[in-house]
$ cat data_29.cif   # mmCIF, N, CA and C atoms
data_final
loop_
_atom_site.label_atom_id
_atom_site.label_comp_id
_atom_site.auth_asym_id
_atom_site.auth_seq_id
_atom_site.Cartn_x
_atom_site.Cartn_y
_atom_site.Cartn_z
N MET A 3 -48.94 -22.00 4.09
CA MET A 3 -49.72 -20.80 4.29
C MET A 3 -48.95 -19.62 3.71
N THR A 4 -49.53 -18.97 2.77
CA THR A 4 -48.89 -17.78 2.22
C THR A 4 -49.58 -16.55 2.78
N SER A 5 -48.78 -15.56 3.07
CA SER A 5 -49.37 -14.33 3.58
C SER A 5 -49.31 -13.29 2.47
N HIS A 6 -50.38 -12.62 2.30
CA HIS A 6 -50.39 -11.54 1.34
C HIS A 6 -50.88 -10.29 2.06
N GLN A 7 -50.37 -9.19 1.62
CA GLN A 7 -50.68 -7.94 2.30
C GLN A 7 -51.92 -7.32 1.67
N ASN A 8 -52.92 -7.08 2.51
CA ASN A 8 -54.11 -6.38 2.05
C ASN A 8 -53.81 -4.90 1.95
N THR A 9 -54.30 -4.28 0.93
CA THR A 9 -54.13 -2.84 0.80
C THR A 9 -55.14 -2.15 1.67
N GLN A 10 -54.64 -1.37 2.59
CA GLN A 10 -55.52 -0.62 3.49
C GLN A 10 -55.99 0.63 2.76
N THR A 11 -57.31 0.81 2.69
CA THR A 11 -57.86 1.98 2.02
C THR A 11 -58.73 2.78 2.97
N MET A 12 -59.00 4.01 2.58
CA MET A 12 -59.85 4.87 3.39
C MET A 12 -60.74 5.70 2.48
N LYS A 13 -61.80 6.19 3.05
CA LYS A 13 -62.70 7.06 2.31
C LYS A 13 -62.00 8.39 2.04
N PRO A 14 -62.41 9.07 0.99
CA PRO A 14 -61.80 10.38 0.71
C PRO A 14 -61.93 11.37 1.87
N ALA A 15 -63.04 11.32 2.60
CA ALA A 15 -63.22 12.24 3.74
C ALA A 15 -62.15 12.02 4.80
N THR A 16 -61.82 10.75 5.05
CA THR A 16 -60.78 10.43 6.03
C THR A 16 -59.42 10.91 5.55
N ALA A 17 -59.14 10.66 4.28
CA ALA A 17 -57.86 11.09 3.72
C ALA A 17 -57.75 12.62 3.75
N ALA A 18 -58.82 13.31 3.40
CA ALA A 18 -58.79 14.78 3.42
C ALA A 18 -58.53 15.29 4.83
N LYS A 19 -59.15 14.64 5.81
CA LYS A 19 -58.94 15.04 7.21
C LYS A 19 -57.48 14.85 7.60
N LYS A 20 -56.90 13.72 7.21
CA LYS A 20 -55.49 13.45 7.52
C LYS A 20 -54.55 14.42 6.81
N LEU A 21 -54.96 14.88 5.63
CA LEU A 21 -54.16 15.83 4.87
C LEU A 21 -54.39 17.28 5.32
N GLY A 22 -55.44 17.50 6.12
CA GLY A 22 -55.74 18.84 6.60
C GLY A 22 -56.34 19.74 5.55
N VAL A 23 -57.14 19.15 4.64
CA VAL A 23 -57.77 19.96 3.59
C VAL A 23 -59.27 19.76 3.61
N TYR A 24 -59.98 20.71 3.03
CA TYR A 24 -61.43 20.68 2.93
C TYR A 24 -61.82 19.78 1.77
N LEU A 25 -62.55 18.71 2.06
CA LEU A 25 -62.88 17.69 1.06
C LEU A 25 -63.55 18.28 -0.17
N GLU A 26 -64.52 19.18 0.01
CA GLU A 26 -65.26 19.71 -1.12
C GLU A 26 -64.39 20.51 -2.09
N ALA A 27 -63.22 20.94 -1.64
CA ALA A 27 -62.32 21.72 -2.51
C ALA A 27 -61.32 20.84 -3.25
N THR A 28 -61.31 19.55 -2.95
CA THR A 28 -60.37 18.64 -3.62
C THR A 28 -60.88 18.29 -5.01
N PRO A 29 -60.00 17.81 -5.89
CA PRO A 29 -60.44 17.42 -7.24
C PRO A 29 -61.46 16.28 -7.19
N ALA A 30 -62.31 16.22 -8.21
CA ALA A 30 -63.36 15.20 -8.27
C ALA A 30 -62.80 13.79 -8.19
N GLU A 31 -61.68 13.53 -8.85
CA GLU A 31 -61.13 12.17 -8.82
C GLU A 31 -60.70 11.76 -7.41
N PHE A 32 -60.32 12.73 -6.59
CA PHE A 32 -59.98 12.43 -5.19
C PHE A 32 -61.24 12.13 -4.40
N ARG A 33 -62.28 12.95 -4.57
CA ARG A 33 -63.53 12.79 -3.82
C ARG A 33 -64.28 11.53 -4.19
N GLU A 34 -64.16 11.07 -5.42
CA GLU A 34 -64.97 9.96 -5.90
C GLU A 34 -64.32 8.59 -5.74
N GLY A 35 -63.07 8.54 -5.40
CA GLY A 35 -62.38 7.26 -5.28
C GLY A 35 -62.14 6.87 -3.84
N VAL A 36 -61.26 5.91 -3.67
CA VAL A 36 -60.76 5.55 -2.35
C VAL A 36 -59.26 5.81 -2.35
N VAL A 37 -58.71 6.01 -1.17
CA VAL A 37 -57.30 6.35 -1.05
C VAL A 37 -56.60 5.25 -0.25
N SER A 38 -55.56 4.68 -0.82
CA SER A 38 -54.80 3.66 -0.10
C SER A 38 -53.82 4.33 0.84
N ARG A 39 -53.32 3.57 1.78
CA ARG A 39 -52.33 4.09 2.72
C ARG A 39 -51.09 4.55 1.95
N ALA A 40 -50.68 3.81 0.94
CA ALA A 40 -49.52 4.18 0.13
C ALA A 40 -49.77 5.49 -0.62
N GLU A 41 -50.98 5.66 -1.15
CA GLU A 41 -51.32 6.90 -1.85
C GLU A 41 -51.31 8.08 -0.89
N LEU A 42 -51.84 7.87 0.31
CA LEU A 42 -51.84 8.93 1.31
C LEU A 42 -50.41 9.33 1.66
N ASN A 43 -49.57 8.33 1.89
CA ASN A 43 -48.17 8.62 2.21
C ASN A 43 -47.50 9.39 1.08
N ALA A 44 -47.80 9.01 -0.17
CA ALA A 44 -47.23 9.71 -1.32
C ALA A 44 -47.72 11.15 -1.37
N LEU A 45 -49.00 11.37 -1.09
CA LEU A 45 -49.55 12.73 -1.07
C LEU A 45 -48.90 13.57 0.02
N GLN A 46 -48.58 12.95 1.15
CA GLN A 46 -47.97 13.69 2.25
C GLN A 46 -46.50 14.01 1.97
N THR A 47 -45.78 13.07 1.37
CA THR A 47 -44.35 13.30 1.15
C THR A 47 -44.07 14.14 -0.09
N ASP A 48 -44.89 13.98 -1.11
CA ASP A 48 -44.69 14.73 -2.35
C ASP A 48 -46.04 15.26 -2.84
N PRO A 49 -46.56 16.31 -2.17
CA PRO A 49 -47.91 16.78 -2.51
C PRO A 49 -47.99 17.34 -3.93
N PRO A 50 -49.04 16.96 -4.65
CA PRO A 50 -49.24 17.52 -5.99
C PRO A 50 -49.62 19.00 -5.90
N GLN A 51 -49.64 19.67 -7.02
CA GLN A 51 -49.92 21.11 -7.06
C GLN A 51 -51.25 21.47 -6.41
N TRP A 52 -52.31 20.68 -6.67
CA TRP A 52 -53.62 21.01 -6.12
C TRP A 52 -53.60 20.95 -4.60
N LEU A 53 -52.85 20.01 -4.03
CA LEU A 53 -52.77 19.89 -2.57
C LEU A 53 -51.96 21.04 -1.98
N GLN A 54 -50.86 21.38 -2.62
CA GLN A 54 -50.07 22.52 -2.15
C GLN A 54 -50.91 23.80 -2.16
N GLU A 55 -51.67 23.98 -3.23
CA GLU A 55 -52.51 25.17 -3.37
C GLU A 55 -53.59 25.22 -2.28
N LEU A 56 -54.24 24.08 -2.03
CA LEU A 56 -55.27 24.02 -0.99
C LEU A 56 -54.68 24.32 0.38
N ARG A 57 -53.54 23.76 0.67
CA ARG A 57 -52.92 23.99 1.98
C ARG A 57 -52.49 25.45 2.14
N ARG A 58 -52.08 26.04 1.05
CA ARG A 58 -51.60 27.43 1.10
C ARG A 58 -52.77 28.43 1.17
N ASN A 59 -53.77 28.25 0.30
CA ASN A 59 -54.81 29.27 0.15
C ASN A 59 -56.19 28.86 0.62
N GLY A 60 -56.43 27.57 0.83
CA GLY A 60 -57.74 27.13 1.28
C GLY A 60 -58.69 26.94 0.13
N PRO A 61 -59.95 26.76 0.42
CA PRO A 61 -60.59 26.90 1.72
C PRO A 61 -60.12 25.82 2.70
N HIS A 62 -60.04 26.22 3.96
CA HIS A 62 -59.54 25.35 5.02
C HIS A 62 -60.68 24.79 5.86
N PRO A 63 -60.56 23.53 6.31
CA PRO A 63 -61.58 22.97 7.21
C PRO A 63 -61.50 23.63 8.58
N ARG A 64 -62.56 23.47 9.36
CA ARG A 64 -62.64 24.13 10.67
C ARG A 64 -61.44 23.87 11.59
N PRO A 65 -60.93 22.63 11.69
CA PRO A 65 -59.77 22.45 12.58
C PRO A 65 -58.57 23.30 12.18
N VAL A 66 -58.35 23.46 10.89
CA VAL A 66 -57.22 24.28 10.41
C VAL A 66 -57.50 25.76 10.69
N VAL A 67 -58.72 26.20 10.43
CA VAL A 67 -59.10 27.60 10.69
C VAL A 67 -58.92 27.89 12.18
N ALA A 68 -59.42 27.00 13.02
CA ALA A 68 -59.31 27.20 14.47
C ALA A 68 -57.85 27.29 14.90
N SER A 69 -57.03 26.39 14.39
CA SER A 69 -55.61 26.38 14.73
C SER A 69 -54.93 27.67 14.29
N ARG A 70 -55.20 28.11 13.08
CA ARG A 70 -54.56 29.33 12.57
C ARG A 70 -55.01 30.57 13.32
N LEU A 71 -56.21 30.55 13.86
CA LEU A 71 -56.70 31.70 14.63
C LEU A 71 -56.39 31.58 16.13
N GLY A 72 -55.92 30.40 16.55
CA GLY A 72 -55.59 30.21 17.96
C GLY A 72 -56.79 30.07 18.86
N VAL A 73 -57.86 29.45 18.32
CA VAL A 73 -59.08 29.24 19.09
C VAL A 73 -59.51 27.78 18.94
N SER A 74 -60.53 27.39 19.69
CA SER A 74 -61.08 26.04 19.57
C SER A 74 -62.12 26.02 18.46
N ILE A 75 -62.49 24.82 18.03
CA ILE A 75 -63.54 24.68 17.02
C ILE A 75 -64.86 25.20 17.59
N ALA A 76 -65.12 24.93 18.85
CA ALA A 76 -66.33 25.45 19.50
C ALA A 76 -66.29 26.98 19.54
N GLY A 77 -65.11 27.54 19.75
CA GLY A 77 -64.95 28.99 19.75
C GLY A 77 -65.29 29.59 18.39
N LEU A 78 -64.92 28.88 17.32
CA LEU A 78 -65.30 29.33 15.98
C LEU A 78 -66.81 29.41 15.86
N ALA A 79 -67.48 28.36 16.31
CA ALA A 79 -68.94 28.32 16.23
C ALA A 79 -69.55 29.44 17.05
N ARG A 80 -69.02 29.67 18.25
CA ARG A 80 -69.54 30.76 19.08
C ARG A 80 -69.34 32.11 18.39
N GLY A 81 -68.28 32.21 17.59
CA GLY A 81 -68.01 33.44 16.86
C GLY A 81 -68.79 33.55 15.56
N GLY A 82 -69.59 32.52 15.26
CA GLY A 82 -70.40 32.56 14.05
C GLY A 82 -69.71 32.05 12.81
N ILE A 83 -68.53 31.45 12.96
CA ILE A 83 -67.80 30.91 11.81
C ILE A 83 -68.16 29.43 11.68
N THR A 84 -68.96 29.12 10.67
CA THR A 84 -69.40 27.74 10.48
C THR A 84 -68.96 27.19 9.12
N GLU A 85 -68.50 28.06 8.25
CA GLU A 85 -68.08 27.66 6.90
C GLU A 85 -66.55 27.63 6.82
N PRO A 86 -66.02 26.87 5.87
CA PRO A 86 -64.57 26.90 5.65
C PRO A 86 -64.12 28.30 5.24
N LEU A 87 -62.93 28.68 5.63
CA LEU A 87 -62.39 29.99 5.28
C LEU A 87 -61.13 29.84 4.45
N THR A 88 -60.86 30.84 3.62
CA THR A 88 -59.61 30.87 2.87
C THR A 88 -58.53 31.51 3.74
N THR A 89 -57.29 31.39 3.32
CA THR A 89 -56.19 32.01 4.04
C THR A 89 -56.40 33.52 4.09
N GLU A 90 -56.87 34.09 3.00
CA GLU A 90 -57.14 35.53 2.95
C GLU A 90 -58.18 35.95 3.99
N GLN A 91 -59.23 35.17 4.14
CA GLN A 91 -60.27 35.47 5.12
C GLN A 91 -59.74 35.33 6.54
N ILE A 92 -58.90 34.33 6.77
CA ILE A 92 -58.29 34.13 8.10
C ILE A 92 -57.41 35.33 8.43
N ASP A 93 -56.58 35.74 7.46
CA ASP A 93 -55.70 36.90 7.68
C ASP A 93 -56.51 38.16 7.96
N ALA A 94 -57.65 38.32 7.27
CA ALA A 94 -58.50 39.50 7.49
C ALA A 94 -59.06 39.49 8.92
N LEU A 95 -59.47 38.32 9.39
CA LEU A 95 -59.97 38.22 10.77
C LEU A 95 -58.87 38.56 11.77
N ARG A 96 -57.65 38.09 11.51
CA ARG A 96 -56.53 38.41 12.40
C ARG A 96 -56.29 39.92 12.47
N GLU A 97 -56.41 40.58 11.32
CA GLU A 97 -56.20 42.04 11.28
C GLU A 97 -57.34 42.80 11.94
N GLU A 98 -58.58 42.36 11.70
CA GLU A 98 -59.75 43.04 12.26
C GLU A 98 -59.83 42.88 13.77
N ARG A 99 -59.39 41.72 14.27
CA ARG A 99 -59.43 41.39 15.69
C ARG A 99 -60.81 41.64 16.30
N PRO A 100 -61.84 40.97 15.77
CA PRO A 100 -63.18 41.15 16.35
C PRO A 100 -63.19 40.73 17.83
N GLU A 101 -64.12 41.27 18.56
CA GLU A 101 -64.20 41.02 20.00
C GLU A 101 -64.31 39.53 20.31
N TRP A 102 -65.11 38.79 19.54
CA TRP A 102 -65.28 37.35 19.80
C TRP A 102 -63.96 36.61 19.64
N LEU A 103 -63.13 37.03 18.67
CA LEU A 103 -61.85 36.37 18.43
C LEU A 103 -60.90 36.59 19.61
N GLU A 104 -60.84 37.81 20.08
CA GLU A 104 -59.97 38.10 21.24
C GLU A 104 -60.43 37.33 22.47
N ARG A 105 -61.74 37.27 22.68
CA ARG A 105 -62.29 36.53 23.82
C ARG A 105 -61.95 35.05 23.71
N GLU A 106 -62.13 34.48 22.53
CA GLU A 106 -61.86 33.04 22.34
C GLU A 106 -60.37 32.72 22.44
N GLN A 107 -59.52 33.63 21.96
CA GLN A 107 -58.08 33.42 22.09
C GLN A 107 -57.67 33.45 23.56
N ALA A 108 -58.27 34.34 24.34
CA ALA A 108 -57.98 34.41 25.77
C ALA A 108 -58.44 33.13 26.46
N THR A 109 -59.61 32.65 26.08
CA THR A 109 -60.13 31.40 26.64
C THR A 109 -59.19 30.25 26.33
N GLN A 110 -58.74 30.19 25.08
CA GLN A 110 -57.84 29.11 24.67
C GLN A 110 -56.52 29.19 25.43
N ALA A 111 -56.01 30.39 25.66
CA ALA A 111 -54.77 30.57 26.42
C ALA A 111 -54.95 30.06 27.85
N GLU A 112 -56.11 30.34 28.45
CA GLU A 112 -56.39 29.85 29.81
C GLU A 112 -56.46 28.32 29.84
N VAL A 113 -57.08 27.75 28.83
CA VAL A 113 -57.18 26.28 28.76
C VAL A 113 -55.78 25.67 28.67
N ARG A 114 -54.92 26.26 27.84
CA ARG A 114 -53.55 25.73 27.72
C ARG A 114 -52.78 25.87 29.03
N LYS A 115 -52.96 27.02 29.69
CA LYS A 115 -52.27 27.26 30.96
C LYS A 115 -52.72 26.25 32.02
N GLU A 116 -54.02 25.99 32.07
CA GLU A 116 -54.56 25.03 33.03
C GLU A 116 -54.06 23.61 32.71
N ALA A 117 -54.00 23.26 31.44
CA ALA A 117 -53.52 21.94 31.05
C ALA A 117 -52.05 21.77 31.47
N GLU A 118 -51.26 22.81 31.31
CA GLU A 118 -49.85 22.77 31.71
C GLU A 118 -49.73 22.63 33.23
N ARG A 119 -50.58 23.36 33.98
CA ARG A 119 -50.55 23.27 35.44
C ARG A 119 -50.87 21.86 35.90
N ILE A 120 -51.87 21.25 35.30
CA ILE A 120 -52.26 19.88 35.67
C ILE A 120 -51.15 18.90 35.31
N LYS A 121 -50.54 19.10 34.17
CA LYS A 121 -49.44 18.23 33.74
C LYS A 121 -48.29 18.29 34.75
N GLN A 122 -47.94 19.50 35.18
CA GLN A 122 -46.86 19.65 36.15
C GLN A 122 -47.23 19.06 37.50
N ARG A 123 -48.49 19.27 37.91
CA ARG A 123 -48.95 18.70 39.18
C ARG A 123 -48.85 17.18 39.14
N ASN A 124 -49.28 16.58 38.04
CA ASN A 124 -49.22 15.12 37.92
C ASN A 124 -47.78 14.62 37.88
N ALA A 125 -46.89 15.38 37.26
CA ALA A 125 -45.48 15.00 37.23
C ALA A 125 -44.89 15.04 38.64
N GLU A 126 -45.26 16.07 39.42
CA GLU A 126 -44.76 16.16 40.79
C GLU A 126 -45.28 15.01 41.64
N ARG A 127 -46.54 14.66 41.47
CA ARG A 127 -47.13 13.54 42.21
C ARG A 127 -46.43 12.24 41.84
N ALA A 128 -46.11 12.07 40.58
CA ALA A 128 -45.45 10.86 40.13
C ALA A 128 -44.06 10.75 40.74
N LYS A 129 -43.36 11.89 40.86
CA LYS A 129 -42.03 11.90 41.47
C LYS A 129 -42.10 11.47 42.93
N ARG A 130 -43.13 12.00 43.65
CA ARG A 130 -43.26 11.69 45.07
C ARG A 130 -43.59 10.24 45.33
N THR A 131 -44.35 9.62 44.44
CA THR A 131 -44.76 8.24 44.68
C THR A 131 -43.76 7.22 44.15
N SER A 132 -42.76 7.66 43.40
CA SER A 132 -41.79 6.67 42.87
C SER A 132 -40.59 6.53 43.74
#

$ encode --input "data_29.cif" --output "structure tokens"
Amino acid sequence: MTSHQNTQTMKPATAAKKLGVYLEATPAEFREGVVSRAELNALQTDPPQWLQELRRNGPHPRPVVASRLGVSIAGLARGGITEPLTTEQIDALREERPEWLEREQATQAEVRKEAERIKQRNAERAKRTS
């Protein structure tokens, strides 16, 4: 019995998600092919110029936009942001500080605080029962 290693591949959309880039902004050859695990690893360790440029300037997918603004993806939608944004647009929103952004950032801060409280409560319970 000989074992051979199958090459694990993924759709471009999956690879773009793992790379944190907006698929529609990637080069055509990336969007039209499949990406192997080895190719993905190579892109992550030694990103080509197009990937560096996308990560730096965008357009960025919603999870990246939400992270950079300190809000949830749902908070972006509530704020009316449904399209990918560039780094310049994200910076402009940070400077403008619209009311929806401040509200969503406060909500996100409360969510994080509550998650930390629950984590500590569970840790204390675990100590008592061990």

$ select_by_dssp --input "data_29.cif" --residues "chain A" --states "helix (DSSP H, G or I)" --output "PyMOL selection string"
chain A and resi 14-21+25-27+30-34+39-47+51-59+64-71+75-80+89-98+101-131

$ residues_around --input "data_29.cif" --residues "A:Val37" --least-positions-apart "3" --cutoff "6 Å" --atoms "all atoms listed in the file" --output "list in words"
Gln10, Thr11, Met12, Lys13, Pro14, Glu41 and Leu42 of chain A

$ atom_distance --input "data_29.cif" --atom1 "atom CA of A:Arg70" --atom2 "atom CA of A:Glu34"
28.7 Å

$ resolve_selection --input "data_29.cif" --expression "the PyMOL selection byres ((chain A and resi 90-99) around 8)" --output "NGL selection string"
:A and (58-60 or 67 or 70-71 or 87-89 or 100-105)

$ write_last_selection --input "data_29.cif" --atoms "N, CA and C atoms" --output "CSV table (one decimal), in the frame of the given file"
chain,number,residue,atom,x,y,z
A,58,ARG,N,-52.1,26.0,1.0
A,58,ARG,CA,-51.6,27.4,1.1
A,58,ARG,C,-52.8,28.4,1.2
A,59,ASN,N,-53.8,28.2,0.3
A,59,ASN,CA,-54.8,29.3,0.2
A,59,ASN,C,-56.2,28.9,0.6
A,60,GLY,N,-56.4,27.6,0.8
A,60,GLY,CA,-57.7,27.1,1.3
A,60,GLY,C,-58.7,26.9,0.1
A,67,VAL,N,-58.7,26.2,10.4
A,67,VAL,CA,-59.1,27.6,10.7
A,67,VAL,C,-58.9,27.9,12.2
A,70,ARG,N,-55.2,28.1,13.1
A,70,ARG,CA,-54.6,29.3,12.6
A,70,ARG,C,-55.0,30.6,13.3
A,71,LEU,N,-56.2,30.6,13.9
A,71,LEU,CA,-56.7,31.7,14.6
A,71,LEU,C,-56.4,31.6,16.1
A,87,LEU,N,-62.9,28.7,5.6
A,87,LEU,CA,-62.4,30.0,5.3
A,87,LEU,C,-61.1,29.8,4.4
A,88,THR,N,-60.9,30.8,3.6
A,88,THR,CA,-59.6,30.9,2.9
A,88,THR,C,-58.5,31.5,3.7
A,89,THR,N,-57.3,31.4,3.3
A,89,THR,CA,-56.2,32.0,4.0
A,89,THR,C,-56.4,33.5,4.1
A,100,PRO,N,-61.8,41.0,15.8
A,100,PRO,CA,-63.2,41.2,16.4
A,100,PRO,C,-63.2,40.7,17.8
A,101,GLU,N,-64.1,41.3,18.6
A,101,GLU,CA,-64.2,41.0,20.0
A,101,GLU,C,-64.3,39.5,20.3
A,102,TRP,N,-65.1,38.8,19.5
A,102,TRP,CA,-65.3,37.4,19.8
A,102,TRP,C,-64.0,36.6,19.6
A,103,LEU,N,-63.1,37.0,18.7
A,103,LEU,CA,-61.8,36.4,18.4
A,103,LEU,C,-60.9,36.6,19.6
A,104,GLU,N,-60.8,37.8,20.1
A,104,GLU,CA,-60.0,38.1,21.2
A,104,GLU,C,-60.4,37.3,22.5
A,105,ARG,N,-61.7,37.3,22.7
A,105,ARG,CA,-62.3,36.5,23.8
A,105,ARG,C,-62.0,35.0,23.7

$ atom_distance --input "data_29.cif" --atom1 "atom C of A:Ala17" --atom2 "atom C of A:Ala40"
11.6 Å

$ residues_around --input "data_29.cif" --residues "A:Val73" --least-positions-apart "6" --cutoff "6 Å" --atoms "all atoms listed in the file" --output "list in words"
Glu106, Gln107 and Gln110 of chain A

$ axis_aligned_box --input "data_29.cif" --around "stretch 39-57 of chain A" --padding-each-side "4 Å" --output "AutoDock Vina command-line options"
--center_x -49.7 --center_y 14.5 --center_z -2.2 --size_x 19.2 --size_y 29.9 --size_z 17.8

$ closest_residue --input "data_29.cif" --among "A:Val23, A:Arg39, A:Gly72, A:Thr9" --to "A:Ala108" --atoms "all atoms listed in the file"
A:Gly72

$ closest_residue --input "data_29.cif" --among "A:His62, A:Lys19, A:Arg57, A:Lys121" --to "A:Pro86" --atoms "only C-alpha atoms"
A:His62

$ select_by_dssp --input "data_29.cif" --residues "chain A" --states "strand (DSSP E)" --output "list of chain:residue names"
A:Thr11, A:Met12, A:Val37, A:Ser38

$ atom_distance --input "data_29.cif" --atom1 "atom N of A:Gly35" --atom2 "atom N of A:Arg64"
21.0 Å

$ residues_around --input "data_29.cif" --residues "stretch 54-56 of chain A" --least-positions-apart "6" --cutoff "12 Å" --atoms "only C-alpha atoms" --output "VMD selection string"
chain A and resid 18 21 to 29 45 to 48 62 to 63 66 86 to 89
